[in-house]
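Notes to accompany the following structure.
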Amino acid sequence: MKAVEIRERFLAFFEERGHLRVPSASLVPPSYDPSVLLTTAGMQPFKPYFRGEEEPPSPRLTSCQKVFRTTDIEEVGNTHRHLTFFEMLGNFSVGDYFKEQAVEHALELSTKGFGLPEESIWISVFGGDEELGLGPDDEAIEHWRAVGVPDERIVRLGRKDNFWQSGPTGPCGPCSELYLDRGLSFGAEDDRPGDDTERFLEFWNLVFMQYELGPGNSLTPLPRRNIDTGMGLDRMAAVLQGVESVFETDQLHPLVELGEELSGRSYGQDDATTRALRILADHGRGATFLLADGVVPSNEDRGYILRRIMRRAMHQGRVLGIEDEGLLTRLAERTVELMGDAYPELRREWPTIERWARAEEEGFGRTLAQGERLLAELVSQAREAETSWVSAEDAFKLHDTYGFPYEMTKELLAEEGLSVDDQGFEELMERAREVSRGGRAEAGAPVHTAHEDVLRFARGAGFRTRFVGYETTEAETVLRAAERDDGRVLAKLEESPFYAEGGGQVSDTGVVETPSGRARVVDVYRVGDDQALALEPLEGELGAGETAVARVERDTRLATMRNHTATHLLHAALRERLGTHVRQAGSYVGPDKLRFDFTHGERMTDAELADVEAWIADRIAEAHRVHAIETTRDEAEALGAMALFGEKYGDWVRMVEIEGVSRELCGGTHVASTAELGLFHLLSETSSASNVRRIEAVTGRAGTELFRERTGRLRELAAIMRVPEAEVVRAVERLSSRVKELQKAPAQQADGAAADELAAGAEELGGVKIVVEVTSAPDADSLLQLSDTIRQRLGDAAVLLGAAGDGRVQLVANFAPAVVERGLRADEIVRAAAKVVGGGGGGRDTMAQAGGRDAEKLPDALATARLEIERALG
């Protein structure tokens with residue numbers, strides 16, 4: 001039975017039993033769920049239903065969910081069954097049926113639907129846990145007995161195996177797992193489920209979701225008892241297709257075959273080859289799906305997970321001897337061929353997938369080769385010293401200076417029988433984070449913890465607030481629930497015009513007035529599709545049951561609306577100017593400004609920024625109508641609406657259209673016409689993370705005020721320079737040139753003497769003259785000019801100079817082309833030195849510059865540079 005048939009048979013089975021078929025959610029969880037970086041379970045999109053925060057479209061649901069897990073990433077390739085990306089088939093009951101029907105459905109589909117022999121099915125159940133204060137799941141045991149499973153095939157296991165939780169906190173409960181006994185050819189007589197052997201293959205997990213897990217192993221009952229089950233599609237395919245491993249099934253074996261074609265090696269010929277081919281298949285497929293869902297390679301969060309699997313795949317390609325530079329692209333292409341019918345987003349996002357796959361391969365190719373060479377040196381040194389480890393400092397240097405992933409260092413060292421000090425490495429990483437944080441707020445600082453109180457209050461109110469803020473900023477309503485909370489009042493209105501923070505847009509502020517009191521709205525909490533207010537009393541007392549007038553602070557809301565519509569224009573402008581690989585990767589929309597993060601691999605040029613600003617100005621001048629449409633998800637996608645990174649959408653969605661410009665799924669508030677934006681002005685374009693750029697901008701009154709301020713400064717300059725405003729730039733250019741000329745004459749004389757002295761002290765190594773020295777150059781330009789003079793006088797030389805002043809460090813590396821041919825690169829050497837002084841830089845292979853903050857470490861930085869030069873030439 002092919003994978004496509006298994007998927008359809010599972011979903012159809014439960015549809016016939018009253019379950020609503022739900023399409024897979026994105027691998028990127030909704031922005032309001034910070035518990036995980038990626039979707040790690042089939043139930044994750046349904047957490048608001050299980051918690052009682054939202055009403056499900058049906059109490060019975062079934063889905064085939066894309067899932068990505070990294071917990072067993074080191075096991076991928078070593079076993080028959082471990083994967084990072086897989087499809088999770090599941091059936092779910094939200095407060096409807098419970099253990100009895102879940103057990104009956106599972107055994108019926110397994111035996112009658114998929115034809116598994118009943119006598120080969122074993123069951124593991126929860127055996128209890130003291131920390132949780134729970135005993136064995138006797139109820140489940142009785143239901144398994146009732147459907148004919150004998151006691152000898154029911155195994156009691158502990159919390160690690162048979163208590164499911166979605167994360168450190170969240171919905172959880174005991175579970176029963178179905179195992180297939182594949183016989184003695186796969187293991188020993190005394191093997192049992194839970195042994196982590198190959199004989200018993202776990203193929204279905206039934207979670208009886210009864211609790212919410214809180215800090216300290218605290219358990220509270222969920223509002224409704226729920227069922228959450230998960231069956232790995234690839235594992236079931238391996239069983240039904242009669243193959244040993246998931247890598248031999250119809251959705252993965254073609255990827256293995258591609259690896260065989262490119263390498264000339266065969267699956268099964270030896271352990272190393274088989275492992276490498278399996279990793280290529282899994283990681284290639286997983287990377288393709290992550291890219292299609294808007295994740296881009298970076299050094300943070302989910303982008304780091306993507307980068308890690310892409311780099312692991314590239315390394316395994318080298319292990320197999322694959323020289324094809326388009327390996328990742330080929331794997332992605334094969335994945336789209338195999339699974340594009342089931343997941344149309346793969347074909348739709350192919351240009352984006354291809355772009356990032358090629359970019360990562362090109363960027364990491366040199367790093368991989370250099371890292372492997374340096375790692376080989378460390379292994380050799382450890383062998384000579386007869387030690388079983390590599391120091392944390394050396395591992396950190398590989399990571400920090402050369403960009404070689406620490407996990408890959410550990411894996412490659414393990415293959416050589418060596419280890420590295422994890423704790424020491426983490427301490428060095430934390431030290432580096434402290435340096436990079438500088439004056440910023442401490443990461444991981446305590447955050448407001450009122451959310452649990454708000455959830456309890458909102459659930460206990462017994463009704464849902466109707467949001468009317470799209471239509472009005474003032475509503476006559478009823479204050480139906482109110483509760484004192486640490487000097488504030490938690491409140492729920494019958495109807496509310498206040499927008500609750502979401503989709504990057506901040507919450508509204510305003511006032512609530514009743515006959516007995518008046519309060520300021522200081523926060524609006526989103527509770528699924530419900531909301532609650534945090535009020536700060538201003539006059540009198542507010543009591544539940546009173547009539548109320550709810551009034552949004554209008555000017556603040558209008559400014560926020562302008563900025564939200566502007567983000568849609570900006571998104572469209574960036575895709576128009578830079579390409580369709582641009583995707584929103586985060587945003588802030590407030591009354592003061594907008595911040596827009598987007599996927600793009602390089603700094604925007606001044607010309608690109610000017611084009612984007614001009615494009616938006618044209619759309620504002622054209623006064624395009626802006627309106628929202630509520631429709632089905634399928635219809636919105638058919639109309640070309642974009643779904644945004646990290647947001648959750650149901651079957652019924654709200655689409656915001658700027659006529660003739662863009663369509664996006666969006667729950668935010670917007671102006672009625674682009675003309676209402678007035679001025680749009682870009683403030684900055686910076687890096688937010690690797691492959692993610694950030695633009696900040698202002699509109700409306702803030703844009704007008706900025707325009708006035710800058711116009712005033714221009715007039716002041718014109719007065720000082722005694723030229724018309726239109727001539728200010730040319731006048732400043734002339735003044736700057738004159739200043740440089742006046743500075744150049746004495747500097748040239750001093751530079752000549754310094755160059756003579758430094759050139760005279762040059763050392764020679766392997767036929768290359770080397771100068772690595774601290775100088776008194778006053779600025780980066782002078783340092784560069786001095787290095788040029790020295791190199792010209794020495795010929796084939798490697799010159800690296802440093803200077804410090806005003807708490808800053810300047811570095812320059814200037815290498816002759818003949819030196820570069822010997823394997824030295826100016827950009828790599830200067831970058832290594834810059835890391836030591838807490839900075840960074842770059843440039844070409846012949847000339848590169850860098851800066852840093854730690855002037856005291858300049859001698860150490862030059863020593864590091866000298867060591868790297870000697871190592872390359874030695």
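Residues in the structure tokens are named by chain (A, B, ... in the order shown) and by number from 1 within that chain; ligands are numbered from 1 in the order shown.
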Q | Contacts of stretch 69-75 of chain A within 7 Å, only C-alpha atoms, excl. fewer than 4 positions in-chain, as a PyMOL selection string | A | chain A and resi 40+79+82+84-85
The selected residues should be written to file as a PDB file, in the first residue's frame (atoms: C-alpha atoms).
ATOM      1  CA  THR A  40       6.368  18.792  16.839  1.00  0.00           C
ATOM      2  CA  THR A  79      18.320   3.177  12.944  1.00  0.00           C
ATOM      3  CA  HIS A  82      14.280   7.730  13.213  1.00  0.00           C
ATOM      4  CA  THR A  84      13.410  14.607  11.755  1.00  0.00           C
ATOM      5  CA  PHE A  85      10.546  15.411   9.352  1.00  0.00           C
TER       6      PHE A  85
END
Using only C-alpha atoms, determine which residues lie at most 6 Å from A:Ala865, disregarding the query and same-chain residues fewer than 3 positions distant; provide the list as a JSON list (two decimals) with N, CA, C and O atoms, in the first residue's frame.
[["chain", "number", "residue", "atom", "x", "y", "z"],
["A", 829, "ILE", "N", 41.49, 35.97, 7.73],
["A", 829, "ILE", "CA", 42.45, 36.31, 8.79],
["A", 829, "ILE", "C", 41.96, 37.49, 9.61],
["A", 829, "ILE", "O", 42.00, 37.48, 10.85],
["A", 833, "ALA", "N", 40.93, 37.72, 13.71],
["A", 833, "ALA", "CA", 41.46, 38.70, 14.65],
["A", 833, "ALA", "C", 40.35, 39.54, 15.26],
["A", 833, "ALA", "O", 40.37, 39.85, 16.46],
["A", 862, "LEU", "N", 46.25, 40.34, 17.23],
["A", 862, "LEU", "CA", 47.34, 40.24, 16.26],
["A", 862, "LEU", "C", 48.07, 38.91, 16.41],
["A", 862, "LEU", "O", 48.53, 38.33, 15.41],
["A", 868, "GLU", "N", 47.32, 32.21, 12.57],
["A", 868, "GLU", "CA", 46.58, 31.74, 11.40],
["A", 868, "GLU", "C", 47.44, 31.83, 10.13],
["A", 868, "GLU", "O", 47.40, 30.95, 9.27]]
Q: Could you tell me how far atom CA of A:Trp122 lies from atom CA of A:Gly148, in Å and to one decimal?
A: 11.3 Å
Give me the residues near A:Asp282 as a CSV table (one decimal) with all heavy atoms, in the first residue's frame, where near means some atom within 8 Å (using only C-alpha atoms) and where sequence neighbours in that chain fewer than 4 positions away do not count.
chain,number,residue,atom,x,y,z
A,76,VAL,N,19.2,9.7,13.5
A,76,VAL,CA,18.8,9.6,12.1
A,76,VAL,C,20.0,9.0,11.3
A,76,VAL,O,21.1,9.5,11.4
A,76,VAL,CB,18.4,11.0,11.5
A,76,VAL,CG1,18.2,10.9,10.0
A,76,VAL,CG2,17.2,11.5,12.3
A,83,LEU,N,13.5,9.8,12.2
A,83,LEU,CA,13.4,10.8,11.2
A,83,LEU,C,13.3,12.2,11.9
A,83,LEU,O,12.9,12.2,13.1
A,83,LEU,CB,12.2,10.7,10.3
A,83,LEU,CG,12.1,9.4,9.4
A,83,LEU,CD1,10.7,9.2,8.9
A,83,LEU,CD2,13.1,9.5,8.3
A,84,THR,N,13.7,13.3,11.2
A,84,THR,CA,13.4,14.6,11.8
A,84,THR,C,12.0,15.1,11.3
A,84,THR,O,11.2,15.5,12.0
A,84,THR,CB,14.5,15.6,11.3
A,84,THR,OG1,14.6,15.6,9.9
A,84,THR,CG2,15.8,15.3,12.0
A,85,PHE,N,11.8,15.0,9.9
A,85,PHE,CA,10.5,15.4,9.4
A,85,PHE,C,9.7,14.2,9.1
A,85,PHE,O,10.2,13.2,8.5
A,85,PHE,CB,10.7,16.2,8.0
A,85,PHE,CG,9.4,16.4,7.3
A,85,PHE,CD1,8.6,17.5,7.6
A,85,PHE,CD2,9.0,15.5,6.3
A,85,PHE,CE1,7.4,17.7,7.0
A,85,PHE,CE2,7.8,15.7,5.7
A,85,PHE,CZ,7.0,16.8,6.0
A,252,LEU,N,10.5,7.9,0.6
A,252,LEU,CA,11.9,8.2,1.0
A,252,LEU,C,12.9,7.5,0.1
A,252,LEU,O,14.0,8.0,-0.1
A,252,LEU,CB,12.1,7.8,2.5
A,252,LEU,CG,11.7,8.9,3.5
A,252,LEU,CD1,11.6,8.3,4.9
A,252,LEU,CD2,12.7,10.0,3.5
A,278,ARG,N,20.8,7.7,4.3
A,278,ARG,CA,19.6,8.0,5.0
A,278,ARG,C,19.5,9.4,5.5
A,278,ARG,O,18.5,10.0,5.4
A,278,ARG,CB,19.6,7.1,6.3
A,278,ARG,CG,19.3,5.6,6.0
A,278,ARG,CD,19.5,4.7,7.2
A,278,ARG,NE,19.1,3.4,7.0
A,278,ARG,CZ,19.3,2.4,7.9
A,278,ARG,NH1,19.9,2.7,9.1
A,278,ARG,NH2,18.8,1.2,7.7
A,286,GLY,N,13.3,17.2,4.9
A,286,GLY,CA,13.0,18.1,5.9
A,286,GLY,C,13.3,19.6,5.6
A,286,GLY,O,12.5,20.5,5.9
Q.
Env of stretch 842-853 of chain A: 7 Å cut, atoms = only C-alpha atoms, seq-sep filter 3 positions within chain, self excluded. Answer as a PyMOL selection string.
A. chain A and resi 807-817+820+825-827+830-831+834+837-839
Could you write out the selected residues, including C-alpha atoms, as a short mmCIF file (atom, residue, chain, number, x, y, z; two decimals), in the first residue's frame?
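The resulting again.cif:
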data_model
loop_
_atom_site.label_atom_id
_atom_site.label_comp_id
_atom_site.auth_asym_id
_atom_site.auth_seq_id
_atom_site.Cartn_x
_atom_site.Cartn_y
_atom_site.Cartn_z
CA GLY A 807 38.01 52.57 22.96
CA ARG A 808 37.76 51.21 19.40
CA VAL A 809 40.00 48.86 17.44
CA GLN A 810 40.73 49.10 13.71
CA LEU A 811 42.23 46.18 11.75
CA VAL A 812 43.32 45.85 8.14
CA ALA A 813 44.74 42.88 6.22
CA ASN A 814 46.46 43.57 2.89
CA PHE A 815 47.77 40.49 1.00
CA ALA A 816 49.52 40.29 -2.37
CA PRO A 817 47.78 38.08 -4.97
CA VAL A 820 46.47 34.48 -1.71
CA ARG A 825 42.72 34.99 2.57
CA ALA A 826 42.69 38.51 4.00
CA ASP A 827 38.97 38.36 4.87
CA VAL A 830 41.00 39.71 9.69
CA ARG A 831 37.74 38.10 10.77
CA ALA A 834 38.27 40.74 14.95
CA VAL A 837 38.41 42.13 20.11
CA GLY A 838 34.64 41.60 20.11
CA GLY A 839 33.99 42.78 16.57
#
Q) With only C-alpha atoms as the atoms that count, which of A:Val511, A:Ala638, A:Leu801, A:Val319 lies nearest to A:Thr274? A) A:Val319
Q) Of the candidates A:Pro34, A:Ser93, A:Ser245, A:Ser24, which one gets nearest to A:His80 if we count only C-alpha atoms? A)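 For A:His80, the nearest of the given residues is A:Ser245.
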Q: Identify which of the residues A:Arg625, A:Arg562, A:Lys835, A:His600 lies closest to A:Ala702, counting only C-alpha atoms when measuring atom-to-atom distances.
A: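 Smallest separation from A:Ala702 among the options: A:Arg562.
Closest approach to A:Gln65 among A:Tyr343, A:Ile869, A:Gly127, A:Thr335 is made by A:Tyr343 (distances from only C-alpha atoms).
When only C-alpha atoms are used to measure the gap to A:Leu20, the shortest distance among A:Thr560, A:Thr477, A:Ser58, A:Ser35 belongs to A:Ser58.
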Q. So how many Å separate atom CA of A:Leu255 and atom CA of A:Pro405, to one decimal?
A.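 We find that atom CA of A:Leu255 and atom CA of A:Pro405 lie 24.8 Å from each other.
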Q.
Considering only C-alpha atoms, can you say which of A:Glu483, A:Asp138, A:Asp293, A:Asp756 comes closest to A:Glu345?
A.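 For A:Glu345, the nearest of the given residues is A:Asp293.
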Q. Can you list every residue in stretch 575-660 of chain A that DSSP puts in strand (DSSP E), as an MDAnalysis selection string?
A. chainID A and resid 584:589 594:599 626:632 652:658
Those residues you just picked out, can you put them in a file as a PDB file, in the first residue's frame with C-alpha atoms?
ATOM      1  CA  GLN A 584       7.419  38.398   6.318  1.00  0.00           C
ATOM      2  CA  ALA A 585       9.428  37.040   9.266  1.00  0.00           C
ATOM      3  CA  GLY A 586       8.023  39.173  12.071  1.00  0.00           C
ATOM      4  CA  SER A 587       6.650  42.634  12.625  1.00  0.00           C
ATOM      5  CA  TYR A 588       5.771  45.351  15.106  1.00  0.00           C
ATOM      6  CA  VAL A 589       2.852  47.622  14.291  1.00  0.00           C
ATOM      7  CA  LEU A 594       6.289  50.039  12.053  1.00  0.00           C
ATOM      8  CA  ARG A 595       9.006  47.396  12.059  1.00  0.00           C
ATOM      9  CA  PHE A 596       9.040  44.751   9.345  1.00  0.00           C
ATOM     10  CA  ASP A 597      11.357  41.710   9.299  1.00  0.00           C
ATOM     11  CA  PHE A 598      11.666  39.849   6.007  1.00  0.00           C
ATOM     12  CA  THR A 599      13.667  37.021   4.468  1.00  0.00           C
ATOM     13  CA  VAL A 626      -8.454  48.913   1.387  1.00  0.00           C
ATOM     14  CA  HIS A 627     -11.085  46.483   2.584  1.00  0.00           C
ATOM     15  CA  ALA A 628     -11.477  43.154   4.362  1.00  0.00           C
ATOM     16  CA  ILE A 629     -13.291  40.067   3.098  1.00  0.00           C
ATOM     17  CA  GLU A 630     -14.238  37.025   5.152  1.00  0.00           C
ATOM     18  CA  THR A 631     -14.093  33.845   3.113  1.00  0.00           C
ATOM     19  CA  THR A 632     -12.862  30.253   3.142  1.00  0.00           C
ATOM     20  CA  TRP A 652     -12.795  30.636   7.621  1.00  0.00           C
ATOM     21  CA  VAL A 653     -10.364  33.537   7.257  1.00  0.00           C
ATOM     22  CA  ARG A 654     -10.209  37.316   6.989  1.00  0.00           C
ATOM     23  CA  MET A 655      -8.422  38.613   3.913  1.00  0.00           C
ATOM     24  CA  VAL A 656      -7.292  42.245   3.695  1.00  0.00           C
ATOM     25  CA  GLU A 657      -7.098  43.503   0.121  1.00  0.00           C
ATOM     26  CA  ILE A 658      -5.410  46.660  -1.091  1.00  0.00           C
TER      27      ILE A 658
END
